[in-house]
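Heads up: the structure comes next, in structure tokens.
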Protein chains: 2
Amino acid sequence: MNKAEEFKKYVKKIQYYYQALSLIHWDIETGAPKKCIDSRAQAIGEISTYAFEMSTSEKMENFLNELSLPESMEKLSDNDRALVKVMKRDFEKQKKIPPELIGQLSVASSKAQAAWEKAKNNDDFSVFQPFLQEVVLLTKKMADCIGYETNRYDALLDEYEPGFKSNDVKKVINYLKGELVPFVEKISEKEVDDDYSFLKIKIDRQVQRKLSEKVLRLMNYDLDAGRLDVSMHPFTTSIGANDIRITTFYRENDFSDSFFSTVHECGHALYEQGVSSDLADTPLSSGASMAMHESQSRLWENIVARSHEFWDFFYPETVKIIPELSNIDPERFYRGINTVKRSLIRTQADEVTYNLHIMMRFEIEEALINDKIKVSELEQIWNSKMKEYLGIVPLKASEGILQDVHWSHGSFGYFPSYMLGNVYSVQIYNQMKKDIPSLKDSISHGDLKVILDWLRKKIHVHGKKYEPKELLTMVTGQEPDPSYFMEYIKDKYSYIYKI
Amino acid sequence: MNKAEEFKKYVKKIQYYYQALSLIHWDIETGAPKKCIDSRAQAIGEISTYAFEMSTSEKMENFLNELSLPESMEKLSDNDRALVKVMKRDFEKQKKIPPELIGQLSVASSKAQAAWEKAKNNDDFSVFQPFLQEVVLLTKKMADCIGYETNRYDALLDEYEPGFKSNDVKKVINYLKGELVPFVEKISEKEVDDDYSFLKIKIDRQVQRKLSEKVLRLMNYDLDAGRLDVSMHPFTTSIGANDIRITTFYRENDFSDSFFSTVHECGHALYEQGVSSDLADTPLSSGASMAMHESQSRLWENIVARSHEFWDFFYPETVKIIPELSNIDPERFYRGINTVKRSLIRTQADEVTYNLHIMMRFEIEEALINDKIKVSELEQIWNSKMKEYLGIVPLKASEGILQDVHWSHGSFGYFPSYMLGNVYSVQIYNQMKKDIPSLKDSISHGDLKVILDWLRKKIHVHGKKYEPKELLTMVTGQEPDPSYFMEYIKDKYSYIYKI
């Protein structure tokens, strides 16, 4: 066996432990007996420590040093070269962080999460504040260990969106803010008949499951290489090669919420089901970045499954499963699932206002990490930003500053992925429309395979081989450009709101 | 940390990998996407190799050598002493077997299992024969490595029933054979009205699941420390502390089969749910032996759940779930679920004829391992033994010599556990009756907690701390004695068949 083969064998070896860990986590979220959690947590601790040790071992370092030499690299296949590059980048970043700091952050974020839950239940930010302060302190230390040029936040952002800088995010925000805030203003001035109570009728969970299964089949999700379960919060997890599972939930009085959750998660799952088998069971078998992943889920959830043409085909199918909808005009249904409303909660936001929620979070966390604001000021800053971006102010901390779990986890740098995902999704779709002139027609006949085939070839197959900017440029000929997103939003919602 | 604590920490560390492996196996049996199997098999290989390496490491050897010294042993707690003893026994046995032989046996049994499936589908023993020959050859080699006094089979039997010799099994068989064969003869001479077609009515799987859930609650199975799923073959698996899962299957035209499978598996699960938490996440958290485990499942399945007093309470409950049974006389139902029939298939045998199936298997495998018969003669010997014990002869290999998977796995020495389990179960129940005079009355009022409490205290709590003979003697004051079993069988079936 040559060095590259040995290296891949070692990489896969490590990956099998992560496979076990993914399964354990999936099991916990989908129905492990509640009393087993203590013992299972010990197992997670043991196995993840061992996997981490192998990932950061001298053996790994030797492999990476040897294989990354120019004379070695040029002999490697394309995929192997990418694997060495990505793993060397991650290894070097990891080496910069002292294990004690990782331990401290892990303990601090466990405590912070418990405090966050308590604070949220009590609508009291002060309960969370000291714990968040600790997490922020340690996160800043970590960023300093990783290093950065001018903006400490860059060190964190890079974890989620490799190759992206804070300034890139700011450019996108400046553009979108200027466009979105007045556009939302216009929409909110429109008086519309908005009785969409048919979206809140009670639908049995079994019936909702059938609808989910139907759309999964339509989207060509491979159920022999995945499965659909129920969990508190919907998620997608890659257990290993040919095993990409999704979960959803069924709210009895909100079937469309469950439906779009299923479509969203399926979008994520299709991405990983489509990665080249040559990259299987290596770190390259995931998506290019968080935002690129989100672009896939958003493309299916919003651009496809909230489109006119999709419901041309799928409305009659839905009525077969939910006969209660038979007397609702499809156009009315379309407007119902595309309602724009300035609301307090990010996860419930529509596709027009969603990015506004993200922008303010980015601005807050970027300022926090750079010591421009203090944790103690967060609640007040949150509320004033809500006013600025969305024109409303939360009355309760649980519907404001305490709504998201991310900061308690120490996941600073994550939020921009949502916004960038939206931006990428439209830019990608725009290219797809150019490449497939009959796209709308195909969708309105229920042929979504054309979309999947195109995404597979252009994006999915590459896994994590390319950085997101690089991949987006390969696919669309351009770096991220939010003007496509704005054009899409204005087009769609000018029609809906007659602006 | 002292040596004993260090040792236990190391033992638990290993156990966490087995926890992951158990979950992976459970997942495969209950619904993992079928395309993931190849990748998952790699993960199983990697993780089990690592766990095996730790179990047989120099570190483990040093722990065991040091702690098993008399001066160390006397300082240990009762439980720790048992842990050292059991692990040292297993370690030493393992050390005797060359790793290459384990590898060869693993490969040979994989191939043999595939051949067995093919042979069974084609009703052709000759397809399986050469593969079985190889497995037998390697199994004999393994027995020789392990060592024995006079009977090579003893080396294998010890794996399933520690402390038991072939001669012990033969004594039980000699007694039971002399009693059972003529008793079954008598039963078969009786002409009875046996229209039990109500047991074969079509019952929806969801309804059957409700019945299973009901009996699990009645048996006090802790669903917060376990769960019920569906698999091709019902099984119980201990994933880890407070996580003992069971599976069943629902045949639409045989609800009682599913029902008793659930009760059987629950019997196994109650055993492991009841092991002292002090033994959690160590190898002592399982049962004393295969037969002791089987005694628990059989006690619940046959002695309790096929009794008059059980159905006094549970028949009206069953009718609530399956109204189709409301016009069936409970006595008739009782006789239906206790029908004795000389049949070809072990897994479908009733509690009277079951042991006859086991005896002939034991006699065949004991002779085979000791070179008294050849694999090529097996089919003919099987058929003549069927004639001798059960008075019938299979027409197809799939209903005869090819019906069980055990030999293809190399699980020689396993079969006696089923018979011994039956023997233990009655002996244990007999003691329980003495200790709890109101037992029958409690059962007929649906109070099964008295049974569980007694079993917990006498058997479950000890886990694998004692060898089966030792434990049985502690509980009943006697070594295994099959006369209790015969007395129970004669009592019950003389009534049913009016003998």
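Labels used: A, B, ... for chains in the order of the structure tokens, numbers from 1 for residues in each chain, and numbers from 1 for ligands as shown.
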
Select, as a PDB file with N, CA and C atoms, in the first residue's frame, those residues of chain B with any atom no more than 7 Å from chain A (distances computed using only C-alpha atoms).
ATOM      1  N   LYS B  13     -14.463   1.694  30.008  1.00  0.00           N
ATOM      2  CA  LYS B  13     -13.974   2.313  28.766  1.00  0.00           C
ATOM      3  C   LYS B  13     -14.207   1.335  27.604  1.00  0.00           C
ATOM      4  N   TYR B  16     -17.884   0.869  26.656  1.00  0.00           N
ATOM      5  CA  TYR B  16     -18.544   1.923  25.870  1.00  0.00           C
ATOM      6  C   TYR B  16     -18.444   1.659  24.366  1.00  0.00           C
ATOM      7  N   ALA B  20     -21.589   1.069  21.681  1.00  0.00           N
ATOM      8  CA  ALA B  20     -21.741   1.585  20.309  1.00  0.00           C
ATOM      9  C   ALA B  20     -22.025   0.432  19.345  1.00  0.00           C
ATOM     10  N   PRO B  33     -31.002   1.974   6.812  1.00  0.00           N
ATOM     11  CA  PRO B  33     -31.184   1.898   5.357  1.00  0.00           C
ATOM     12  C   PRO B  33     -30.335   0.776   4.768  1.00  0.00           C
ATOM     13  N   LYS B  34     -30.915  -0.003   3.868  1.00  0.00           N
ATOM     14  CA  LYS B  34     -30.192  -1.208   3.460  1.00  0.00           C
ATOM     15  C   LYS B  34     -28.885  -0.944   2.718  1.00  0.00           C
ATOM     16  N   LYS B  35     -28.803   0.202   2.055  1.00  0.00           N
ATOM     17  CA  LYS B  35     -27.563   0.453   1.308  1.00  0.00           C
ATOM     18  C   LYS B  35     -26.360   0.798   2.192  1.00  0.00           C
ATOM     19  N   CYS B  36     -26.609   1.044   3.474  1.00  0.00           N
ATOM     20  CA  CYS B  36     -25.489   1.469   4.335  1.00  0.00           C
ATOM     21  C   CYS B  36     -24.686   0.292   4.866  1.00  0.00           C
ATOM     22  N   SER B  39     -20.708  -0.021   4.403  1.00  0.00           N
ATOM     23  CA  SER B  39     -19.932   0.938   5.177  1.00  0.00           C
ATOM     24  C   SER B  39     -20.034   0.630   6.673  1.00  0.00           C
ATOM     25  N   ALA B  43     -17.308  -0.234   9.843  1.00  0.00           N
ATOM     26  CA  ALA B  43     -17.288   0.405  11.166  1.00  0.00           C
ATOM     27  C   ALA B  43     -17.310  -0.656  12.264  1.00  0.00           C
ATOM     28  N   GLU B  46     -13.864  -2.248  12.498  1.00  0.00           N
ATOM     29  CA  GLU B  46     -12.875  -1.370  13.125  1.00  0.00           C
ATOM     30  C   GLU B  46     -13.090  -1.276  14.639  1.00  0.00           C
ATOM     31  N   LEU B 223     -40.242   1.233  30.137  1.00  0.00           N
ATOM     32  CA  LEU B 223     -40.084   1.790  28.790  1.00  0.00           C
ATOM     33  C   LEU B 223     -39.217   3.050  28.766  1.00  0.00           C
ATOM     34  N   ASP B 224     -38.897   3.575  29.944  1.00  0.00           N
ATOM     35  CA  ASP B 224     -37.921   4.676  29.998  1.00  0.00           C
ATOM     36  C   ASP B 224     -36.497   4.145  30.044  1.00  0.00           C
ATOM     37  N   ALA B 225     -36.374   2.835  30.103  1.00  0.00           N
ATOM     38  CA  ALA B 225     -35.045   2.205  30.092  1.00  0.00           C
ATOM     39  C   ALA B 225     -35.024   1.104  29.031  1.00  0.00           C
ATOM     40  N   GLY B 226     -35.824   1.304  28.004  1.00  0.00           N
ATOM     41  CA  GLY B 226     -35.900   0.327  26.925  1.00  0.00           C
ATOM     42  C   GLY B 226     -36.883   0.804  25.870  1.00  0.00           C
ATOM     43  N   ARG B 227     -37.067   0.035  24.811  1.00  0.00           N
ATOM     44  CA  ARG B 227     -38.069   0.368  23.813  1.00  0.00           C
ATOM     45  C   ARG B 227     -38.451  -0.883  23.039  1.00  0.00           C
ATOM     46  N   GLY B 240     -26.754  -0.646  26.801  1.00  0.00           N
ATOM     47  CA  GLY B 240     -25.924  -0.180  27.900  1.00  0.00           C
ATOM     48  C   GLY B 240     -26.802  -0.042  29.129  1.00  0.00           C
ATOM     49  N   ALA B 241     -26.252   0.561  30.166  1.00  0.00           N
ATOM     50  CA  ALA B 241     -27.023   0.726  31.400  1.00  0.00           C
ATOM     51  C   ALA B 241     -28.328   1.458  31.107  1.00  0.00           C
ATOM     52  N   ASN B 242     -29.425   0.952  31.658  1.00  0.00           N
ATOM     53  CA  ASN B 242     -30.733   1.572  31.473  1.00  0.00           C
ATOM     54  C   ASN B 242     -31.163   1.662  30.012  1.00  0.00           C
ATOM     55  N   ASP B 243     -30.735   0.727  29.240  1.00  0.00           N
ATOM     56  CA  ASP B 243     -31.147   0.721  27.836  1.00  0.00           C
ATOM     57  C   ASP B 243     -31.202  -0.723  27.331  1.00  0.00           C
TER      58      ASP B 243
END

Could you tell me, as a compact mmCIF listing (two decimals) with C-alpha atoms, in the first residue's frame, which residues of segment 116-356 of chain A DSSP assigns to strand (DSSP E) when given the backbone?
# COMPACT_ATOMS: atom_id res chain seq x y z
CA LEU A 228 -37.44 9.65 8.07
CA ASP A 229 -38.06 9.91 11.82
CA VAL A 230 -39.55 12.32 14.29
CA THR A 236 -30.38 15.91 8.92
CA THR A 237 -27.51 13.68 9.90
CA SER A 238 -25.01 11.78 7.86
CA ILE A 239 -24.37 8.58 9.79
CA GLY A 240 -22.05 7.26 7.11
CA ASP A 243 -27.00 6.57 5.35
CA ILE A 244 -28.23 10.15 5.39
CA ARG A 245 -31.19 10.42 7.76
CA ILE A 246 -33.68 13.18 8.24
CA THR A 247 -36.17 13.98 10.94
CA THR A 248 -39.22 16.16 11.05

Leaving out Val475 of chain B and any residue of its chain fewer than 2 positions from it, which residues lie within 9 Å of it when counting only C-alpha atoms, given as a VMD selection string? chain B and resid 428 431 458 to 459 470 to 473 477 to 478

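Those residues that approach Asn121 of chain B to within 12 Å, counting only C-alpha atoms, are B:Ala114, B:Ala115, B:Val127, B:Phe128, B:Lys396, B:Ala397, B:Ser398, B:Glu399, B:Leu402, B:Gln403; same-chain residues fewer than 6 positions away are not listed.
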
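Counting only C-alpha atoms, segment 208-217 of chain B has the following residues at most 7 Å away, ignoring those fewer than 2 positions along the same chain: B:Ile203, B:Asp204, B:Arg205, B:Gln206, B:Met219, B:Asn220, B:Tyr221, B:Tyr250, B:Phe255, B:Phe259, B:Thr262, B:Cys266, B:Thr318, B:Ile321.
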
Keeping only C-alpha atoms, write those residues as a PDB file, in the first residue's frame.
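Contents of the output file result24.pdb:
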ATOM      1  CA  ILE B 203     -55.497  -8.832  13.279  1.00  0.00           C
ATOM      2  CA  ASP B 204     -54.089  -5.495  12.203  1.00  0.00           C
ATOM      3  CA  ARG B 205     -50.448  -4.933  13.187  1.00  0.00           C
ATOM      4  CA  GLN B 206     -51.294  -1.686  14.995  1.00  0.00           C
ATOM      5  CA  MET B 219     -45.015  -7.078  33.258  1.00  0.00           C
ATOM      6  CA  ASN B 220     -43.531  -3.799  34.531  1.00  0.00           C
ATOM      7  CA  TYR B 221     -41.035  -3.467  31.711  1.00  0.00           C
ATOM      8  CA  TYR B 250     -46.476  -8.910  14.020  1.00  0.00           C
ATOM      9  CA  PHE B 255     -51.428 -12.612  16.820  1.00  0.00           C
ATOM     10  CA  PHE B 259     -47.816 -11.833  21.641  1.00  0.00           C
ATOM     11  CA  THR B 262     -43.094 -10.075  23.033  1.00  0.00           C
ATOM     12  CA  CYS B 266     -39.638  -8.982  27.781  1.00  0.00           C
ATOM     13  CA  THR B 318     -57.378  -8.738  25.388  1.00  0.00           C
ATOM     14  CA  ILE B 321     -58.252  -4.674  22.199  1.00  0.00           C
TER      15      ILE B 321
END

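Nearest residue to Asp404 of chain A among A:Ser286, A:Asn65, A:Asn253, A:Gln113 is A:Gln113, counting only C-alpha atoms.
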
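Excluding segment 495-497 of chain B and any residue on its chain fewer than 6 positions from it, the residues at most 10 Å away by only C-alpha atoms are Lys186, Ile187, Ser188, Glu189, Lys190, Glu191, Val192, Glu331, Tyr334, Arg335, Asn338, Thr339, Val340 and Ile489 of chain B.
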
Kindly export the residues of the current selection with N, CA and C atoms, as a PDB file, in the first residue's frame.
ATOM      1  N   LYS B 186     -48.724 -40.392  24.703  1.00  0.00           N
ATOM      2  CA  LYS B 186     -50.067 -40.428  25.300  1.00  0.00           C
ATOM      3  C   LYS B 186     -50.934 -39.273  24.800  1.00  0.00           C
ATOM      4  N   ILE B 187     -50.338 -38.090  24.806  1.00  0.00           N
ATOM      5  CA  ILE B 187     -51.099 -36.914  24.348  1.00  0.00           C
ATOM      6  C   ILE B 187     -51.552 -37.104  22.909  1.00  0.00           C
ATOM      7  N   SER B 188     -50.662 -37.617  22.094  1.00  0.00           N
ATOM      8  CA  SER B 188     -51.001 -37.709  20.677  1.00  0.00           C
ATOM      9  C   SER B 188     -52.070 -38.767  20.417  1.00  0.00           C
ATOM     10  N   GLU B 189     -52.240 -39.654  21.377  1.00  0.00           N
ATOM     11  CA  GLU B 189     -53.296 -40.670  21.210  1.00  0.00           C
ATOM     12  C   GLU B 189     -54.682 -40.114  21.535  1.00  0.00           C
ATOM     13  N   LYS B 190     -54.694 -38.998  22.239  1.00  0.00           N
ATOM     14  CA  LYS B 190     -55.978 -38.411  22.633  1.00  0.00           C
ATOM     15  C   LYS B 190     -56.633 -37.725  21.438  1.00  0.00           C
ATOM     16  N   GLU B 191     -57.877 -38.006  21.271  1.00  0.00           N
ATOM     17  CA  GLU B 191     -58.573 -37.259  20.226  1.00  0.00           C
ATOM     18  C   GLU B 191     -59.233 -36.060  20.867  1.00  0.00           C
ATOM     19  N   VAL B 192     -58.865 -34.899  20.396  1.00  0.00           N
ATOM     20  CA  VAL B 192     -59.464 -33.699  20.993  1.00  0.00           C
ATOM     21  C   VAL B 192     -60.052 -32.818  19.900  1.00  0.00           C
ATOM     22  N   GLU B 331     -61.715 -20.726  28.277  1.00  0.00           N
ATOM     23  CA  GLU B 331     -61.142 -22.063  28.464  1.00  0.00           C
ATOM     24  C   GLU B 331     -60.653 -22.628  27.120  1.00  0.00           C
ATOM     25  N   TYR B 334     -57.540 -20.881  26.253  1.00  0.00           N
ATOM     26  CA  TYR B 334     -56.449 -21.464  27.045  1.00  0.00           C
ATOM     27  C   TYR B 334     -55.925 -22.747  26.402  1.00  0.00           C
ATOM     28  N   ARG B 335     -56.853 -23.591  25.986  1.00  0.00           N
ATOM     29  CA  ARG B 335     -56.425 -24.832  25.344  1.00  0.00           C
ATOM     30  C   ARG B 335     -55.767 -24.572  23.979  1.00  0.00           C
ATOM     31  N   ASN B 338     -52.259 -23.668  24.346  1.00  0.00           N
ATOM     32  CA  ASN B 338     -51.473 -24.732  24.974  1.00  0.00           C
ATOM     33  C   ASN B 338     -51.627 -26.066  24.228  1.00  0.00           C
ATOM     34  N   THR B 339     -51.721 -25.946  22.926  1.00  0.00           N
ATOM     35  CA  THR B 339     -51.847 -27.162  22.119  1.00  0.00           C
ATOM     36  C   THR B 339     -50.499 -27.865  21.997  1.00  0.00           C
ATOM     37  N   VAL B 340     -50.513 -29.178  22.188  1.00  0.00           N
ATOM     38  CA  VAL B 340     -49.284 -29.957  22.021  1.00  0.00           C
ATOM     39  C   VAL B 340     -49.344 -30.684  20.686  1.00  0.00           C
ATOM     40  N   ILE B 489     -45.119 -30.193  33.696  1.00  0.00           N
ATOM     41  CA  ILE B 489     -45.674 -30.583  32.394  1.00  0.00           C
ATOM     42  C   ILE B 489     -46.809 -31.606  32.578  1.00  0.00           C
TER      43      ILE B 489
END

Spatial neighbours of Cys145 of chain A, 12 Å, only C-alpha atoms, chain gap at least 4 places, as a short mmCIF file (atom, residue, chain, number, x, y, z; two decimals) with N, CA and C atoms, in the first residue's frame:
data_model
loop_
_atom_site.label_atom_id
_atom_site.label_comp_id
_atom_site.auth_asym_id
_atom_site.auth_seq_id
_atom_site.Cartn_x
_atom_site.Cartn_y
_atom_site.Cartn_z
N GLU A 92 -4.04 21.89 11.24
CA GLU A 92 -3.21 23.01 11.71
C GLU A 92 -4.01 23.97 12.58
N LYS A 93 -5.26 24.13 12.24
CA LYS A 93 -6.10 24.98 13.07
C LYS A 93 -6.25 24.34 14.46
N GLN A 94 -6.53 23.06 14.45
CA GLN A 94 -6.74 22.33 15.69
C GLN A 94 -5.49 22.37 16.59
N LYS A 95 -4.33 22.28 15.94
CA LYS A 95 -3.07 22.25 16.69
C LYS A 95 -2.84 23.56 17.44
N LYS A 96 -3.43 24.63 16.90
CA LYS A 96 -3.22 25.93 17.53
C LYS A 96 -4.01 26.09 18.82
N ILE A 97 -5.05 25.26 18.99
CA ILE A 97 -5.91 25.42 20.17
C ILE A 97 -5.47 24.45 21.26
N PRO A 98 -5.09 24.97 22.43
CA PRO A 98 -4.66 24.07 23.51
C PRO A 98 -5.84 23.17 23.94
N PRO A 99 -5.59 21.87 24.14
CA PRO A 99 -6.66 20.96 24.54
C PRO A 99 -7.41 21.45 25.79
N LEU A 101 -8.13 24.45 26.59
CA LEU A 101 -9.11 25.46 26.21
C LEU A 101 -10.36 24.79 25.63
N ILE A 102 -10.15 23.74 24.83
CA ILE A 102 -11.29 23.01 24.28
C ILE A 102 -12.13 22.41 25.41
N LEU A 138 -14.01 32.66 26.50
CA LEU A 138 -13.23 31.52 26.02
C LEU A 138 -13.22 31.45 24.48
N THR A 139 -14.34 31.85 23.88
CA THR A 139 -14.41 31.86 22.42
C THR A 139 -13.43 32.88 21.85
N LYS A 140 -13.31 34.03 22.50
CA LYS A 140 -12.36 35.04 22.05
C LYS A 140 -10.93 34.50 22.18
N LYS A 141 -10.67 33.80 23.29
CA LYS A 141 -9.34 33.19 23.46
C LYS A 141 -9.05 32.23 22.31
N ARG A 152 -11.13 39.77 14.62
CA ARG A 152 -11.11 38.54 15.41
C ARG A 152 -12.24 37.58 14.99
N ALA A 155 -11.68 34.60 12.48
CA ALA A 155 -11.17 33.30 12.92
C ALA A 155 -12.33 32.33 13.18
N LEU A 156 -13.46 32.86 13.61
CA LEU A 156 -14.62 32.01 13.92
C LEU A 156 -15.44 31.72 12.66
#

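Considering only C-alpha atoms, the residue among B:His462, B:Lys59, B:His409, B:Lys387 positioned nearest to Ser110 of chain B is B:His409.
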
Considering only alpha helix (DSSP H) as DSSP defines it on the backbone, what residues of segment 137-314 of chain B qualify? List them as an MDAnalysis selection string. chainID B and resid 137:146 152:160 166:189 205:218 255:273 290:298 308:314

Counting only C-alpha atoms, which residue out of A:Leu279, A:Ile392, A:Val426, A:Met60 sits closest to Asp78 of chain A? A:Leu279

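Coordinates place atom CA of Tyr424 of chain B at a distance of 20.1 Å from atom CA of Ser285 of chain B.
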